[in-house]
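Have a look at protein.txt below; it lists compact mmCIF, C-alpha atoms.
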```
# COMPACT_ATOMS: atom_id res chain seq x y z
CA MET A 22 16.30 10.64 18.55
CA ALA A 23 13.44 9.43 16.36
CA LYS A 24 9.92 10.75 16.53
CA ARG A 25 8.47 7.71 14.75
CA VAL A 26 9.67 4.14 14.28
CA PHE A 27 8.13 1.89 11.65
CA LEU A 28 8.90 -1.74 12.55
CA ILE A 29 7.87 -4.14 9.77
CA VAL A 30 7.87 -7.89 10.34
CA LEU A 31 7.99 -9.89 7.11
CA ASP A 32 6.31 -12.90 8.69
CA SER A 33 8.46 -16.02 8.09
CA VAL A 34 11.08 -14.44 5.79
CA GLY A 35 14.08 -16.27 7.22
CA ALA A 36 17.69 -15.73 6.16
CA GLY A 37 19.14 -19.24 6.33
CA GLU A 38 19.37 -22.04 8.86
CA ALA A 39 20.26 -21.08 12.42
CA PRO A 40 23.10 -22.85 14.26
CA ASP A 41 20.53 -24.91 16.21
CA ALA A 42 18.39 -25.77 13.15
CA ALA A 43 19.19 -29.49 13.48
CA ALA A 44 17.54 -29.60 16.90
CA PHE A 45 14.32 -28.54 15.17
CA GLY A 46 14.72 -30.89 12.21
CA ASP A 47 15.43 -27.93 9.93
CA GLN A 48 18.95 -28.48 8.58
CA GLY A 49 19.20 -26.96 5.12
CA CYS A 50 16.29 -24.53 5.42
CA ASP A 51 16.82 -21.19 3.72
CA THR A 52 13.71 -19.11 2.99
CA LEU A 53 15.35 -16.13 1.29
CA GLY A 54 17.85 -18.42 -0.44
CA THR A 55 14.98 -20.43 -1.94
CA CYS A 56 13.41 -17.21 -3.19
CA MET A 57 16.70 -15.95 -4.63
CA ARG A 58 17.33 -19.25 -6.43
CA SER A 59 13.92 -19.08 -8.09
CA GLY A 60 15.42 -16.45 -10.42
CA ARG A 61 12.28 -14.32 -10.09
CA LEU A 62 12.99 -12.39 -6.91
CA ASN A 63 13.20 -8.66 -7.60
CA VAL A 64 13.63 -6.66 -4.40
CA PRO A 65 15.92 -3.74 -5.30
CA VAL A 66 14.81 -1.64 -2.33
CA MET A 67 15.69 -4.24 0.30
CA GLU A 68 18.90 -4.96 -1.58
CA SER A 69 19.74 -1.25 -1.44
CA LEU A 70 19.35 -1.45 2.34
CA GLY A 71 21.86 -4.30 2.54
CA LEU A 72 19.94 -7.55 2.01
CA ARG A 73 22.62 -9.08 -0.23
CA HIS A 74 25.31 -8.02 2.26
CA LEU A 75 23.98 -10.21 5.10
CA PRO A 76 26.98 -12.16 6.41
CA GLY A 77 27.23 -15.90 5.90
CA THR A 78 24.08 -16.27 3.80
CA SER A 79 23.69 -18.33 0.64
CA PHE A 80 22.61 -15.18 -1.19
CA GLN A 81 25.39 -12.88 0.00
CA HIS A 82 26.61 -10.93 -3.02
CA PRO A 83 27.68 -7.48 -1.89
CA GLU A 84 27.88 -4.82 -4.56
CA GLY A 85 28.32 -1.15 -3.77
CA LYS A 86 27.59 0.51 -0.44
CA PRO A 87 24.09 0.02 1.02
CA ILE A 88 22.09 3.06 2.03
CA GLY A 89 20.91 1.22 5.14
CA CYS A 90 22.37 -0.60 8.12
CA TYR A 91 22.15 -4.37 7.93
CA GLY A 92 22.69 -7.58 9.87
CA LYS A 93 21.04 -10.85 10.72
CA MET A 94 19.65 -12.09 14.02
CA GLN A 95 19.49 -15.46 15.73
CA GLU A 96 16.44 -16.37 17.77
CA LYS A 97 17.19 -17.12 21.40
CA SER A 98 13.71 -18.24 22.44
CA ALA A 99 12.88 -21.93 22.71
CA GLY A 100 10.54 -21.96 19.74
CA LYS A 101 10.05 -20.95 16.13
CA ASP A 102 6.53 -19.61 15.98
CA THR A 103 4.90 -16.23 15.50
CA THR A 104 4.12 -15.62 19.15
CA VAL A 105 7.55 -16.17 20.68
CA GLY A 106 9.22 -14.55 17.67
CA HIS A 107 7.27 -11.32 18.09
CA TRP A 108 7.64 -11.37 21.88
CA GLU A 109 11.40 -11.63 21.40
CA ILE A 110 11.41 -8.78 18.87
CA ALA A 111 9.61 -6.79 21.58
CA GLY A 112 12.32 -7.62 24.13
CA LEU A 113 11.07 -10.78 25.84
CA ILE A 114 12.91 -14.09 25.39
CA SER A 115 10.88 -17.26 26.03
CA GLU A 116 13.13 -19.68 27.89
CA ARG A 117 10.68 -22.58 27.67
CA PRO A 118 8.82 -23.70 24.54
CA LEU A 119 5.07 -23.27 24.43
CA PRO A 120 3.25 -26.64 24.49
CA THR A 121 2.58 -28.51 21.25
CA TYR A 122 0.29 -31.48 20.62
CA PRO A 123 1.57 -33.87 17.92
CA GLU A 124 -1.01 -36.45 19.04
CA GLY A 125 -3.89 -34.01 19.40
CA PHE A 126 -5.25 -32.37 22.55
CA PRO A 127 -5.98 -34.35 25.72
CA GLU A 128 -9.43 -35.89 25.98
CA GLU A 129 -10.28 -33.90 29.10
CA ILE A 130 -9.62 -30.62 27.27
CA ILE A 131 -11.80 -31.61 24.31
CA ARG A 132 -14.67 -32.89 26.47
CA GLU A 133 -14.70 -29.69 28.56
CA PHE A 134 -14.54 -27.59 25.38
CA GLU A 135 -17.54 -29.45 23.95
CA LYS A 136 -19.44 -29.01 27.22
CA ARG A 137 -18.85 -25.26 27.39
CA THR A 138 -19.48 -24.53 23.71
CA GLY A 139 -22.39 -26.92 23.25
CA ARG A 140 -20.81 -28.22 20.05
CA GLY A 141 -19.04 -31.46 19.20
CA VAL A 142 -15.48 -31.68 17.89
CA LEU A 143 -14.09 -33.19 14.70
CA CYS A 144 -10.49 -34.19 13.87
CA ASN A 145 -8.37 -33.16 16.91
CA ARG A 146 -4.96 -33.83 15.41
CA PRO A 147 -2.24 -32.02 13.48
CA TYR A 148 -3.40 -31.09 9.99
CA SER A 149 -2.83 -28.72 7.11
CA GLY A 150 -5.37 -25.90 7.29
CA THR A 151 -6.48 -26.28 3.68
CA GLU A 152 -6.59 -30.08 3.82
CA VAL A 153 -8.55 -30.22 7.06
CA ILE A 154 -11.49 -28.29 5.61
CA ARG A 155 -11.38 -30.45 2.50
CA ASP A 156 -11.45 -33.65 4.56
CA TYR A 157 -13.82 -32.58 7.35
CA GLY A 158 -15.74 -29.67 5.78
CA ARG A 159 -18.79 -31.62 4.64
CA GLU A 160 -19.22 -33.26 8.05
CA GLN A 161 -18.81 -29.88 9.74
CA VAL A 162 -21.50 -28.36 7.55
CA SER A 163 -23.92 -31.26 8.08
CA THR A 164 -23.43 -31.60 11.85
CA GLY A 165 -22.47 -28.13 13.08
CA LYS A 166 -19.54 -29.64 14.95
CA LEU A 167 -16.27 -27.68 15.14
CA ILE A 168 -13.12 -28.78 13.36
CA VAL A 169 -10.33 -28.61 15.94
CA TYR A 170 -6.78 -29.15 14.76
CA THR A 171 -3.22 -28.13 15.51
CA SER A 172 0.19 -28.04 13.80
CA ALA A 173 3.85 -28.17 14.76
CA ASP A 174 3.25 -24.78 16.40
CA SER A 175 1.63 -24.12 19.75
CA VAL A 176 -1.87 -23.53 18.37
CA PHE A 177 -5.45 -24.67 18.94
CA GLN A 178 -7.24 -23.97 15.66
CA ILE A 179 -11.00 -24.04 15.17
CA ALA A 180 -12.51 -24.14 11.68
CA ALA A 181 -16.19 -23.77 10.78
CA HIS A 182 -18.25 -22.73 7.77
CA GLU A 183 -19.50 -19.18 8.16
CA GLU A 184 -23.05 -20.11 7.09
CA VAL A 185 -23.22 -22.87 9.72
CA VAL A 186 -21.33 -21.24 12.57
CA PRO A 187 -21.47 -17.42 12.27
CA VAL A 188 -18.12 -15.75 12.77
CA GLU A 189 -19.07 -14.15 16.09
CA GLU A 190 -20.14 -17.56 17.38
CA LEU A 191 -16.83 -19.01 16.24
CA TYR A 192 -15.03 -16.22 18.09
CA ARG A 193 -17.08 -17.02 21.22
CA CYS A 194 -15.93 -20.64 21.02
CA CYS A 195 -12.35 -19.47 20.64
CA ARG A 196 -12.63 -17.33 23.77
CA ILE A 197 -13.86 -20.40 25.64
CA ALA A 198 -10.87 -22.38 24.39
CA ARG A 199 -8.56 -19.53 25.42
CA GLU A 200 -9.98 -19.66 28.96
CA LEU A 201 -9.40 -23.43 29.07
CA LEU A 202 -5.89 -23.43 27.64
CA THR A 203 -3.79 -22.00 30.45
CA GLY A 204 -1.02 -23.29 32.70
CA GLU A 205 0.56 -26.46 31.33
CA HIS A 206 -1.82 -26.30 28.35
CA GLY A 207 -1.22 -22.59 27.69
CA VAL A 208 -0.83 -22.71 23.91
CA GLY A 209 0.50 -19.61 22.22
CA ARG A 210 -2.59 -19.00 20.13
CA VAL A 211 -6.19 -20.08 19.72
CA ILE A 212 -7.08 -19.34 16.10
CA ALA A 213 -10.51 -18.91 14.50
CA ARG A 214 -10.40 -20.30 10.95
CA PRO A 215 -13.73 -19.52 9.22
CA PHE A 216 -14.30 -20.82 5.71
CA THR A 217 -16.92 -20.56 2.98
CA GLY A 218 -17.88 -22.24 -0.29
CA GLU A 219 -19.16 -25.61 -1.40
CA TYR A 220 -17.42 -28.98 -1.25
CA PRO A 221 -14.78 -29.58 -2.51
CA GLU A 222 -13.99 -25.91 -3.15
CA TYR A 223 -13.96 -24.61 0.42
CA THR A 224 -11.84 -21.50 0.99
CA ARG A 225 -10.65 -19.88 4.20
CA THR A 226 -11.73 -16.27 4.69
CA VAL A 227 -9.92 -13.15 5.90
CA ARG A 228 -11.97 -13.20 9.12
CA ARG A 229 -9.35 -15.35 10.82
CA HIS A 230 -8.70 -14.11 14.35
CA ASP A 231 -5.97 -15.05 16.83
CA PHE A 232 -6.50 -15.20 20.59
CA SER A 233 -3.03 -15.15 22.12
CA LEU A 234 -1.56 -15.61 25.55
CA GLU A 235 -0.54 -12.38 27.18
CA PRO A 236 3.24 -11.95 27.22
CA PRO A 237 4.58 -13.21 30.57
CA GLY A 238 6.65 -10.07 31.19
CA GLU A 239 7.10 -6.45 30.18
CA THR A 240 7.63 -5.74 26.50
CA LEU A 241 8.74 -2.72 24.51
CA LEU A 242 5.07 -2.01 23.78
CA ASP A 243 4.26 -1.74 27.49
CA ALA A 244 7.27 0.51 28.11
CA LEU A 245 6.51 2.86 25.21
CA LYS A 246 2.86 3.19 26.20
CA ALA A 247 3.82 3.90 29.83
CA ALA A 248 6.17 6.62 28.55
CA GLY A 249 3.30 8.33 26.76
CA LYS A 250 4.23 7.24 23.25
CA GLU A 251 1.81 6.03 20.60
CA VAL A 252 1.99 2.28 19.94
CA ILE A 253 0.04 1.40 16.80
CA GLY A 254 -0.38 -2.21 15.68
CA VAL A 255 -1.09 -3.09 12.05
CA GLY A 256 -2.10 -6.61 11.04
CA LYS A 257 -1.84 -9.38 13.65
CA ILE A 258 0.05 -7.32 16.24
CA SER A 259 -2.92 -6.85 18.58
CA ASP A 260 -3.69 -10.58 18.37
CA ILE A 261 -0.09 -11.58 19.10
CA PHE A 262 0.18 -9.35 22.18
CA ALA A 263 -3.42 -9.94 23.36
CA GLY A 264 -4.04 -6.22 22.85
CA ARG A 265 -1.56 -5.25 25.53
CA GLY A 266 0.65 -2.20 25.21
CA LEU A 267 -1.20 -0.76 22.20
CA THR A 268 -2.80 2.67 21.86
CA GLY A 269 -4.27 1.92 18.42
CA SER A 270 -4.82 -1.11 16.22
CA TYR A 271 -5.76 -1.99 12.64
CA PRO A 272 -6.59 -5.67 12.04
CA ASN A 273 -5.02 -7.88 9.41
CA GLU A 274 -6.30 -7.37 5.86
CA GLY A 275 -3.42 -9.00 3.99
CA ASN A 276 0.00 -7.70 3.03
CA ARG A 277 -1.03 -5.10 0.47
CA LYS A 278 -3.75 -3.47 2.56
CA ASN A 279 -1.64 -3.63 5.72
CA MET A 280 1.10 -1.74 3.89
CA GLU A 281 -1.43 0.73 2.50
CA ARG A 282 -2.53 1.36 6.08
CA THR A 283 1.10 1.88 7.06
CA LEU A 284 1.57 4.36 4.22
CA ASP A 285 -1.49 6.27 5.44
CA LEU A 286 -0.09 6.34 8.98
CA ALA A 287 3.23 7.65 7.65
CA GLU A 288 1.37 10.78 6.54
CA LYS A 289 -0.02 11.40 10.02
CA HIS A 290 1.64 13.10 12.95
CA PHE A 291 2.39 10.84 15.93
CA GLU A 292 5.31 10.11 18.20
CA GLY A 293 5.97 6.48 18.86
CA LEU A 294 5.97 3.04 17.22
CA CYS A 295 4.05 1.68 14.24
CA PHE A 296 4.45 -2.11 14.52
CA VAL A 297 3.41 -3.98 11.35
CA ASN A 298 2.98 -7.71 10.67
CA LEU A 299 2.77 -8.94 7.06
CA VAL A 300 1.43 -12.46 7.42
CA ASP A 301 0.78 -13.50 3.81
CA PHE A 302 4.31 -14.81 3.28
CA ASP A 303 3.74 -17.38 6.02
CA MET A 304 0.01 -18.06 5.85
CA LEU A 305 -0.57 -18.11 2.09
CA TYR A 306 2.76 -19.24 0.65
CA GLY A 307 5.26 -20.69 3.14
CA HIS A 308 2.89 -23.24 4.65
CA ARG A 309 1.70 -24.20 1.18
CA ASN A 310 5.16 -24.67 -0.37
CA ASP A 311 4.28 -21.99 -2.92
CA VAL A 312 7.65 -20.57 -3.98
CA ASP A 313 6.21 -18.50 -6.82
CA GLY A 314 3.58 -16.90 -4.58
CA TYR A 315 6.16 -16.19 -1.89
CA VAL A 316 8.48 -14.49 -4.39
CA GLU A 317 5.69 -12.43 -5.93
CA ALA A 318 4.59 -11.26 -2.47
CA LEU A 319 8.14 -10.17 -1.62
CA ASN A 320 8.43 -8.29 -4.91
CA ASP A 321 5.13 -6.54 -4.23
CA VAL A 322 6.02 -5.48 -0.69
CA ASP A 323 9.44 -4.25 -1.81
CA GLY A 324 7.74 -1.63 -3.97
CA GLN A 325 5.57 -0.50 -1.07
CA ILE A 326 8.64 -0.21 1.17
CA ALA A 327 10.03 2.22 -1.39
CA GLU A 328 6.86 4.31 -1.04
CA LEU A 329 7.17 4.24 2.74
CA MET A 330 10.81 5.36 2.66
CA GLY A 331 9.74 8.34 0.57
CA LYS A 332 7.32 9.41 3.32
CA LEU A 333 9.81 9.23 6.20
CA GLY A 334 10.80 12.44 7.94
CA PRO A 335 14.33 13.36 9.06
CA GLU A 336 13.80 11.85 12.53
CA ASP A 337 11.99 8.66 11.48
CA LEU A 338 13.44 5.15 11.64
CA LEU A 339 12.49 2.11 9.55
CA ILE A 340 13.36 -1.43 10.69
CA ILE A 341 12.56 -4.48 8.55
CA THR A 342 12.90 -7.96 10.07
CA ALA A 343 11.13 -11.33 10.46
CA ASP A 344 9.91 -13.56 13.28
CA HIS A 345 11.03 -17.02 12.05
CA GLY A 346 11.38 -18.87 8.76
CA CYS A 347 8.96 -20.88 6.64
CA ASP A 348 10.98 -22.01 3.64
CA PRO A 349 8.49 -22.74 0.82
CA GLY A 350 11.06 -25.00 -0.84
CA PHE A 351 11.84 -27.08 2.27
CA PRO A 352 10.25 -30.51 2.90
CA GLY A 353 7.11 -30.22 5.00
CA THR A 354 4.95 -27.20 5.69
CA ASP A 355 6.07 -26.10 9.15
CA HIS A 356 8.03 -23.06 10.29
CA THR A 357 11.80 -23.34 9.96
CA ARG A 358 14.49 -22.39 12.49
CA GLU A 359 16.41 -19.62 10.74
CA TYR A 360 18.28 -16.41 11.17
CA VAL A 361 16.21 -13.38 10.20
CA PRO A 362 17.29 -10.20 8.41
CA CYS A 363 17.56 -6.84 10.14
CA LEU A 364 17.53 -3.88 7.76
CA CYS A 365 17.45 -0.33 9.12
CA TYR A 366 17.00 2.99 7.37
CA GLY A 367 16.74 6.58 8.50
CA LYS A 368 18.04 9.92 7.35
CA GLN A 369 19.88 10.32 10.66
CA LEU A 370 21.69 6.96 10.29
CA LYS A 371 25.09 6.20 8.86
CA GLU A 372 24.98 4.31 5.56
CA GLY A 373 26.39 0.85 5.08
CA VAL A 374 26.87 -0.09 8.74
CA ASP A 375 27.35 -3.84 9.17
CA LEU A 376 25.49 -4.78 12.36
CA GLY A 377 26.90 -8.30 12.19
CA ILE A 378 25.15 -11.31 13.66
CA ARG A 379 22.92 -10.36 16.58
CA HIS A 380 22.41 -13.04 19.20
CA SER A 381 18.77 -12.24 19.94
CA PHE A 382 15.80 -10.67 18.17
CA SER A 383 15.36 -8.61 21.34
CA ASP A 384 18.23 -6.35 20.26
CA ILE A 385 15.60 -4.56 18.17
CA ALA A 386 13.55 -3.67 21.25
CA ALA A 387 16.62 -2.41 23.08
CA THR A 388 17.58 -0.29 20.05
CA ILE A 389 14.14 1.29 19.71
CA ALA A 390 14.00 1.97 23.45
CA GLU A 391 17.39 3.68 23.38
CA ASP A 392 16.32 5.70 20.35
CA PHE A 393 13.27 6.95 22.30
CA ALA A 394 15.39 7.47 25.43
CA ILE A 395 13.16 5.29 27.61
CA ASP A 396 14.43 3.11 30.45
CA PHE A 397 13.84 -0.31 28.87
CA ARG A 398 16.21 -2.79 27.30
CA GLY A 399 14.37 -6.06 27.90
CA ASP A 400 16.54 -9.07 27.10
CA GLY A 401 18.41 -7.33 24.30
CA LYS A 402 21.48 -5.27 23.53
CA SER A 403 21.01 -2.03 21.61
CA PHE A 404 22.80 -1.34 18.33
CA TRP A 405 21.53 2.27 18.15
CA LEU A 406 24.94 3.87 18.71
CA GLU A 407 26.49 1.64 16.06
CA MET A 408 24.16 3.17 13.49
CA ILE A 409 24.53 6.83 14.44
CA GLU A 410 28.27 6.92 15.12
CA ASN A 411 31.12 6.39 12.69
CA VAL A 412 31.93 2.75 13.37
CA ASP A 413 34.70 2.80 10.75
CA ASP A 414 36.99 4.83 13.03
```
Entire entry expressed as structure tokens:
Amino acid sequence: MAKRVFLIVLDSVGAGEAPDAAAFGDQGCDTLGTCMRSGRLNVPVMESLGLRHLPGTSFQHPEGKPIGCYGKMQEKSAGKDTTVGHWEIAGLISERPLPTYPEGFPEEIIREFEKRTGRGVLCNRPYSGTEVIRDYGREQVSTGKLIVYTSADSVFQIAAHEEVVPVEELYRCCRIARELLTGEHGVGRVIARPFTGEYPEYTRTVRRHDFSLEPPGETLLDALKAAGKEVIGVGKISDIFAGRGLTGSYPNEGNRKNMERTLDLAEKHFEGLCFVNLVDFDMLYGHRNDVDGYVEALNDVDGQIAELMGKLGPEDLLIITADHGCDPGFPGTDHTREYVPCLCYGKQLKEGVDLGIRHSFSDIAATIAEDFAIDFRGDGKSFWLEMIENVDD
């Protein structure tokens, strides 16, 4: 039984198109394959855990015996965004997709939002986050109106210049939107998107903040907290779960600093889960079709994973996975419907165990719960015993 579990979500690092990719318009997507084919990917640590052994992937090239346990997972939820992906990792499958708005939000929602915030609205349609501030930034600065936009995901995003709309005021407007967007209009996330600079060189800042729906059922986080375990969120975890089920939280500061925080936590004594989201892959590179940036970020994190493995005790467990894909080499800038990797490491685990193809991300939650001997399995099936018993017999 583990004392500590470090669960790291490489946000959007998919492992090839899922069987239902065509239903999402994503045939041919392959995030890790794109990175491998760049010729610049250098992730020896993840490869040592079994990354190149993942079955049925374009980059499968098994050499030697991995020191970890490995497999890939198919998402069962009706969506391909951060919210439902993380909820499923935590044991909760979303049977119905969260609402999206390809034509913009209904007029009655926008008018009520303007009334409650006291500010007008610009745009109100799907847009790239960098392009929307380029196209509407000057008008936002001159009028004080809020740029409201969405994407293929279930999001209501609000952008404003920090010198015109202070960040706390922007957060207040987001909370108002969160109160409005419930029921049939219950989007997964309301996102504050502050920016700075002068036209045309506006840049988004790190003070982004997500205001998520609460999960509609019990998650692994709730169960661990109720059992008296520590549940520490690093990065966007608190945002994604609306703060629920956590005993401690460290907000997103980017991949490198989030991993540095995780390394610090690995030196502390606690019993429970450290749940980490590394969002830069998705936010900075996947959505911007930046293959080189994506690859460099993976290379960087791989080195920090090596540091983390060196700090693990004999009863600690490391799980590395993802929440969806966002292939930087695929047409468009939206998330992609993909399998995700599942790489596990611990000194108490067997080496080289092939976990196969898991039929839900929620198998991770069931596995962690069984490891901690708590009465929770959620919507998943544990693979804990596969990793600690000799499956070759």
List the spatial neighbours of region 265-271 of chain A as a list in words - criterion: any atom at most 8 Å away, all atoms listed in the file, same-chain residues fewer than 6 positions off excluded. Glu235, Thr240, Leu242, Asp243, Ala244, Leu245, Lys246, Glu251, Val252, Ile253, Gly254, Val255, Gly256, Ile258 and Ser259 of chain A
Which neighbours of Arg196 (chain A) fall inside 12 Å, counting only C-alpha atoms, when residues of the same chain fewer than 3 positions from it are skipped, and could you give them as a PyMOL selection string? chain A and resi 134+137-138+177-179+189-193+199-202+210-213+230-234+263
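Interatomic distance, CA of Gln325 (chain A) against CA of Met280 (chain A): 6.8 Å.
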Skip region 37-42 of chain A itself and residues of its chain fewer than 5 positions away, then list as an NGL selection string all residues within 7 Å of it, counting all atoms listed in the file. :A and (47-52 or 54 or 78 or 95 or 358-360)
Write out the residues from the selection above, keeping C-alpha atoms, as a PDB file, in the frame of the given file.
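Result file is result.pdb:
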```pdb
ATOM      1  CA  ASP A  47      15.430 -27.930   9.930  1.00  0.00           C
ATOM      2  CA  GLN A  48      18.950 -28.480   8.580  1.00  0.00           C
ATOM      3  CA  GLY A  49      19.200 -26.960   5.120  1.00  0.00           C
ATOM      4  CA  CYS A  50      16.290 -24.530   5.420  1.00  0.00           C
ATOM      5  CA  ASP A  51      16.820 -21.190   3.720  1.00  0.00           C
ATOM      6  CA  THR A  52      13.710 -19.110   2.990  1.00  0.00           C
ATOM      7  CA  GLY A  54      17.850 -18.420  -0.440  1.00  0.00           C
ATOM      8  CA  THR A  78      24.080 -16.270   3.800  1.00  0.00           C
ATOM      9  CA  GLN A  95      19.490 -15.460  15.730  1.00  0.00           C
ATOM     10  CA  ARG A 358      14.490 -22.390  12.490  1.00  0.00           C
ATOM     11  CA  GLU A 359      16.410 -19.620  10.740  1.00  0.00           C
ATOM     12  CA  TYR A 360      18.280 -16.410  11.170  1.00  0.00           C
TER      13      TYR A 360
END
```
Quick one: residues within 10 Å of (13.2, -23.5, 20.8) (file frame), counting only C-alpha atoms, please, as a PDB file with C-alpha atoms, keeping the file's coordinate frame.
```pdb
ATOM      1  CA  ASP A  41      20.530 -24.910  16.210  1.00  0.00           C
ATOM      2  CA  ALA A  42      18.390 -25.770  13.150  1.00  0.00           C
ATOM      3  CA  ALA A  44      17.540 -29.600  16.900  1.00  0.00           C
ATOM      4  CA  PHE A  45      14.320 -28.540  15.170  1.00  0.00           C
ATOM      5  CA  GLU A  96      16.440 -16.370  17.770  1.00  0.00           C
ATOM      6  CA  LYS A  97      17.190 -17.120  21.400  1.00  0.00           C
ATOM      7  CA  SER A  98      13.710 -18.240  22.440  1.00  0.00           C
ATOM      8  CA  ALA A  99      12.880 -21.930  22.710  1.00  0.00           C
ATOM      9  CA  GLY A 100      10.540 -21.960  19.740  1.00  0.00           C
ATOM     10  CA  LYS A 101      10.050 -20.950  16.130  1.00  0.00           C
ATOM     11  CA  ASP A 102       6.530 -19.610  15.980  1.00  0.00           C
ATOM     12  CA  VAL A 105       7.550 -16.170  20.680  1.00  0.00           C
ATOM     13  CA  SER A 115      10.880 -17.260  26.030  1.00  0.00           C
ATOM     14  CA  GLU A 116      13.130 -19.680  27.890  1.00  0.00           C
ATOM     15  CA  ARG A 117      10.680 -22.580  27.670  1.00  0.00           C
ATOM     16  CA  PRO A 118       8.820 -23.700  24.540  1.00  0.00           C
ATOM     17  CA  LEU A 119       5.070 -23.270  24.430  1.00  0.00           C
ATOM     18  CA  ARG A 358      14.490 -22.390  12.490  1.00  0.00           C
TER      19      ARG A 358
END
```
re CA of Asp375 (chain A) and CA of His74 (chain A): distance 8.3 Å
Of the residues A:Leu286, A:Ala36, A:Cys363, A:Ile197, which is the one nearest to Thr342 (chain A), using only C-alpha atoms?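 Selected residue with least distance to Thr342 (chain A): A:Cys363.
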Residues of region 96-214 of chain A within 6 Å of region 386-405 of chain A: nearest atom pair and distance (Å, one decimal) for each, counting all atoms listed in the file, sorted by chain and number, as a Markdown table?
```
| residue | atom | partner | partner_atom | distance |
| --- | --- | --- | --- | --- |
| A:Ala111 | CA | A:Ala386 | CA | 5.0 |
| A:Gly112 | CA | A:Gly399 | CA | 4.6 |
| A:Leu113 | CA | A:Asp400 | CA | 5.9 |
```
How far is it from CA of His107 (chain A) to CA of Phe291 (chain A), in Å with one decimal?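 CA of His107 (chain A) sits 22.8 Å away from CA of Phe291 (chain A).
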Non-local contacts of region 293-302 of chain A (8 Å; only C-alpha atoms; under 6 positions in same chain excluded) as a VMD selection string: chain A and resid 24 to 34 245 250 to 258 275 to 276 279 283 315 318 to 319
Selection near Gln369 (chain A), 7 Å with only C-alpha atoms, sequence-local residues under 3 positions removed, as a list in words: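 The contact residues come out as Pro335, Glu336 and Ile409 of chain A.
Among the candidates A:Ser79, A:Ser69, A:Ser59, A:Ser172, the one nearest to Pro120 (chain A) when counting only C-alpha atoms is A:Ser172.
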As JSON: centre and edge lengths in Å, one decimal, of the axis-aligned box holding region 255-266 of chain A with 4 Å per side:
```
{"center_x": -1.7, "center_y": -6.9, "center_z": 18.3, "size_x": 12.7, "size_y": 17.4, "size_z": 22.5}
```
For each of A:Arg155, A:Lys93, A:Arg225, A:Arg309, take the minimum atom-to-atom distance to Asp348 (chain A), counting all atoms listed in the file, then give the residue where this is smallest. A:Arg309
Could you check the closest approach to Gly238 (chain A) for each of A:Arg214, A:Thr151, A:Tyr220, A:Ile114 and tell me which residue wins, using all atoms listed in the file? A:Ile114
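Minimum atom-to-atom distance to Lys136 (chain A), evaluated using only C-alpha atoms, belongs to A:Cys194 out of A:Cys194, A:Ala23, A:Ile110, A:Val185.
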